[in-house]
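Undergrad: Sharing a structure with you now.
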Amino acid sequence: MSLFNEETLMYLKKSFSKTDFSEDSFNKLLEWLSESPKWSTIRVNKNLVGDLSKSLKDIENFLQGSFESINKLISAENSRYLVPRCNQLTLIDECIFYESSKKINEDNIRMVENCYSKNNKLLKYKFYKKKKLEKFAIIDVKCAQAIFRGADIFIPGVISLSLNAKANDLVSIFADLKGKCLRGSDASEYFLKNKEYLKFIGNGWSLFDRDDFYKKDHIKNGKGIKIKELSNGTYIPSFINLNQKNYYPQNLPSMLCARILDPKPGQLILDMCAAPGGKTTHIAELISNKGRIIAFDKIPSKIQKMKELCVQFGATSVECYVQDASKIGEENKLV
């Protein structure tokens, strides 16, 4: 079951129909793309961080602290997550990567920690099995995608909870693929009637009683559900505790785009579909802000967030405009 909407699915099907991919292989690819990644990547802001070796240590400390926190929460289960080892990519030195960590049984921890081969691959291990619970939370697809990249669930993202859900209860989290779930409805009832349109995302702790999520006078931001484990048994820590100026969670293919472009100081660069700004700020770093980058997006709210990101990352060479890049005419003279 994939997390792609109908428009994206149709585009992918049309593209892959021109290849030798079988339907079975295509469906397996969709499933793979709809799970949490095996590797997480973080981009270092080279404009603000001078010593990249210090960055590696920063990420190691971030991971150590994050996994100490989650392991305290699951200590009663006689299990814990191993802290993943992070590395710096040789060809793209601003990229730091680490493998997702699976929960293991405490009785086997010593055996696991001592059975790494010379190339750091785990030879033998016993995973602690994940399980679906009796209380449910329903979220939308975009929220599910954020969780798979390392995020907890904020209050606005919780569309529905089981009527009997209380603060500190464990709930099973499902993405509503059809987008039909009504805010504040009973998640258990919706689950029973719509199982075929729900994708299991993982389990987490509700931080409030169910009614508190939907009261008009209740605070509407902040965390609502703390993630415990993802559907494949892994845990990816939230990046909220990471220095937001020095580091940016970004997929490796997105980093490759800026590197392949190979921008040079002094150049004029046009980014025609720029939001949310990851690649744009990366380009600004690669030219050390010595040039001019014009960034377009047709949605005003996205441009506003992008401007904030540019300020946060010190991307002073970027100019952001609300503009549909496919409709640029003579009246749009920016150069």
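In the structure tokens, the first chain shown is A, the next is B, and so on; residue numbers restart at 1 for each chain, and ligands run from 1 in the order shown.
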Name all residues at most 6 Å from range 303-310 of chain A (count only C-alpha atoms; drop same-chain ones fewer than 3 positions away) and give them as a PyMOL selection string.
TA: chain A and resi 276-277+300+313-315
Undergrad: Would you mind exporting all heavy atoms of the selected residues as a CSV table (one decimal), in the first residue's frame?
TA:
chain,number,residue,atom,x,y,z
A,276,PRO,N,10.5,23.8,-0.9
A,276,PRO,CA,10.7,24.6,0.3
A,276,PRO,C,12.0,25.3,0.5
A,276,PRO,O,12.2,26.0,1.5
A,276,PRO,CB,10.5,23.5,1.4
A,276,PRO,CG,11.1,22.3,0.8
A,276,PRO,CD,10.7,22.3,-0.7
A,277,GLY,N,13.0,25.1,-0.4
A,277,GLY,CA,14.2,25.9,-0.3
A,277,GLY,C,15.4,25.1,0.0
A,277,GLY,O,16.5,25.7,0.1
A,300,PRO,N,2.1,31.7,-2.2
A,300,PRO,CA,2.6,32.7,-1.3
A,300,PRO,C,3.1,32.2,0.1
A,300,PRO,O,4.2,32.6,0.6
A,300,PRO,CB,1.4,33.7,-1.1
A,300,PRO,CG,0.6,33.5,-2.3
A,300,PRO,CD,0.8,32.1,-2.7
A,313,PHE,N,19.4,30.3,7.4
A,313,PHE,CA,20.6,29.7,6.8
A,313,PHE,C,21.6,30.7,6.3
A,313,PHE,O,22.7,30.3,5.8
A,313,PHE,CB,20.3,28.7,5.7
A,313,PHE,CG,20.1,27.3,6.2
A,313,PHE,CD1,19.1,26.9,7.1
A,313,PHE,CD2,21.0,26.3,5.8
A,313,PHE,CE1,18.9,25.7,7.6
A,313,PHE,CE2,20.8,25.0,6.3
A,313,PHE,CZ,19.8,24.7,7.2
A,314,GLY,N,21.3,32.0,6.4
A,314,GLY,CA,22.3,33.0,6.0
A,314,GLY,C,22.4,33.0,4.5
A,314,GLY,O,23.5,33.3,4.0
A,315,ALA,N,21.4,32.6,3.7
A,315,ALA,CA,21.5,32.6,2.3
A,315,ALA,C,21.1,34.0,1.7
A,315,ALA,O,20.0,34.2,1.2
A,315,ALA,CB,20.5,31.5,1.7
Undergrad: Which residue gives the smallest distance to Met272 in chain A among A:Asp324, A:Asp24, A:Glu285, A:Asp186, with only C-alpha atoms counted?
TA: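 Comparing A:Asp324, A:Asp24, A:Glu285, A:Asp186 against Met272 in chain A, the winner is A:Asp324.
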Undergrad: So that I can check the surroundings of range 249-259 of chain A, please list as a ChimeraX atom specification every protein, DNA and RNA residue that reaches within 12 Å of it, counting only C-alpha atoms and ignoring chain neighbours fewer than 3 positions away.
TA: /A:37-45,59,89,91-98,146,149-151,236-240,242-246,262-264,269,271,274,276-287
Undergrad: DSSP says strand (DSSP E) for which residues of range 3-251 of chain A? Put them as an MDAnalysis selection string?
TA: chainID A and resid 39:44 79:81 86:88 95:99 101:105 136:139 153:154 160:161 170:176 198:206 223:230 234:235 247:249
Undergrad: How many Å separate CA of Ser288 in chain A from CA of Cys320 in chain A?
TA: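 We find that CA of Ser288 in chain A and CA of Cys320 in chain A lie 17.7 Å from each other.
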Undergrad: Using DSSP on the backbone coordinates, identify the residues of range 62-233 of chain A assigned to alpha helix (DSSP H); present them as a PyMOL selection string.
TA: chain A and resi 62-73+109-113+141-148+187-193
Undergrad: Show me, as a ChimeraX atom specification, the residues that have an atom within 6 Å of range 225-230 of chain A when counting only C-alpha atoms, minus same-chain residues fewer than 3 positions from it.
TA: /A:152-153,201-207,233-235
Undergrad: Could you pull the residues within 9 Å of range 25-27 of chain A, counting only C-alpha atoms, minus those fewer than 3 positions along the same chain, as number ranges by chain?
TA: A: 1-2, 13, 16, 21-22, 30-32
Undergrad: Extract, using only C-alpha atoms, all DNA, RNA and protein residues at most 12 Å from Leu182 in chain A, discarding same-chain residues fewer than 2 positions from it, and format them as a list in words.
TA: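 Once the adjacent positions are removed, what remains is Ile138, Ile139, Asp140, Val158, Ile159, Ser160, Leu161, Asp176, Lys178, Gly179, Lys180, Gly184, Ser185, Asp186, Ala187, Glu189, Tyr190 and Tyr214 of chain A.
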Undergrad: Show me, as a list in words, the residues that have an atom within 8 Å of Leu82 in chain A when counting only C-alpha atoms, minus same-chain residues fewer than 6 positions from it.
TA: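 Everything that qualifies: Phe67, Ser101, Lys102, Lys103 and Ile104 of chain A.
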Undergrad: Would you export the selected residues with all heavy atoms as an mmCIF file, in the first residue's frame, please?
TA:
data_model
loop_
_atom_site.group_PDB
_atom_site.id
_atom_site.type_symbol
_atom_site.label_atom_id
_atom_site.label_comp_id
_atom_site.auth_asym_id
_atom_site.auth_seq_id
_atom_site.Cartn_x
_atom_site.Cartn_y
_atom_site.Cartn_z
ATOM 1 N N PHE A 67 18.593 8.871 21.379
ATOM 2 C CA PHE A 67 18.350 7.459 21.660
ATOM 3 C C PHE A 67 18.383 7.159 23.156
ATOM 4 O O PHE A 67 17.724 6.223 23.612
ATOM 5 C CB PHE A 67 19.336 6.588 20.887
ATOM 6 C CG PHE A 67 18.931 6.389 19.456
ATOM 7 C CD1 PHE A 67 19.369 7.253 18.467
ATOM 8 C CD2 PHE A 67 18.075 5.367 19.098
ATOM 9 C CE1 PHE A 67 18.977 7.104 17.153
ATOM 10 C CE2 PHE A 67 17.670 5.202 17.787
ATOM 11 C CZ PHE A 67 18.120 6.071 16.803
ATOM 12 N N SER A 101 17.784 2.698 13.157
ATOM 13 C CA SER A 101 18.055 1.725 14.218
ATOM 14 C C SER A 101 16.801 0.941 14.559
ATOM 15 O O SER A 101 15.718 1.511 14.710
ATOM 16 C CB SER A 101 18.564 2.457 15.467
ATOM 17 O OG SER A 101 18.783 1.551 16.527
ATOM 18 N N LYS A 102 16.941 -0.389 14.666
ATOM 19 C CA LYS A 102 15.824 -1.232 15.062
ATOM 20 C C LYS A 102 15.911 -1.570 16.545
ATOM 21 O O LYS A 102 16.990 -1.711 17.111
ATOM 22 C CB LYS A 102 15.786 -2.518 14.237
ATOM 23 C CG LYS A 102 15.209 -2.337 12.845
ATOM 24 C CD LYS A 102 14.773 -3.652 12.241
ATOM 25 C CE LYS A 102 14.038 -3.426 10.928
ATOM 26 N NZ LYS A 102 13.503 -4.675 10.368
ATOM 27 N N LYS A 103 14.735 -1.712 17.150
ATOM 28 C CA LYS A 103 14.670 -2.060 18.563
ATOM 29 C C LYS A 103 15.055 -3.523 18.736
ATOM 30 O O LYS A 103 14.656 -4.388 17.963
ATOM 31 C CB LYS A 103 13.251 -1.819 19.077
ATOM 32 C CG LYS A 103 13.095 -1.993 20.555
ATOM 33 C CD LYS A 103 11.773 -1.440 21.073
ATOM 34 C CE LYS A 103 10.603 -1.744 20.225
ATOM 35 N NZ LYS A 103 9.333 -1.365 20.870
ATOM 36 N N ILE A 104 15.850 -3.816 19.762
ATOM 37 C CA ILE A 104 16.283 -5.186 20.019
ATOM 38 C C ILE A 104 15.954 -5.573 21.451
ATOM 39 O O ILE A 104 15.759 -4.737 22.321
ATOM 40 C CB ILE A 104 17.795 -5.369 19.770
ATOM 41 C CG1 ILE A 104 18.590 -4.445 20.692
ATOM 42 C CG2 ILE A 104 18.140 -5.119 18.312
ATOM 43 C CD1 ILE A 104 20.071 -4.682 20.632
#
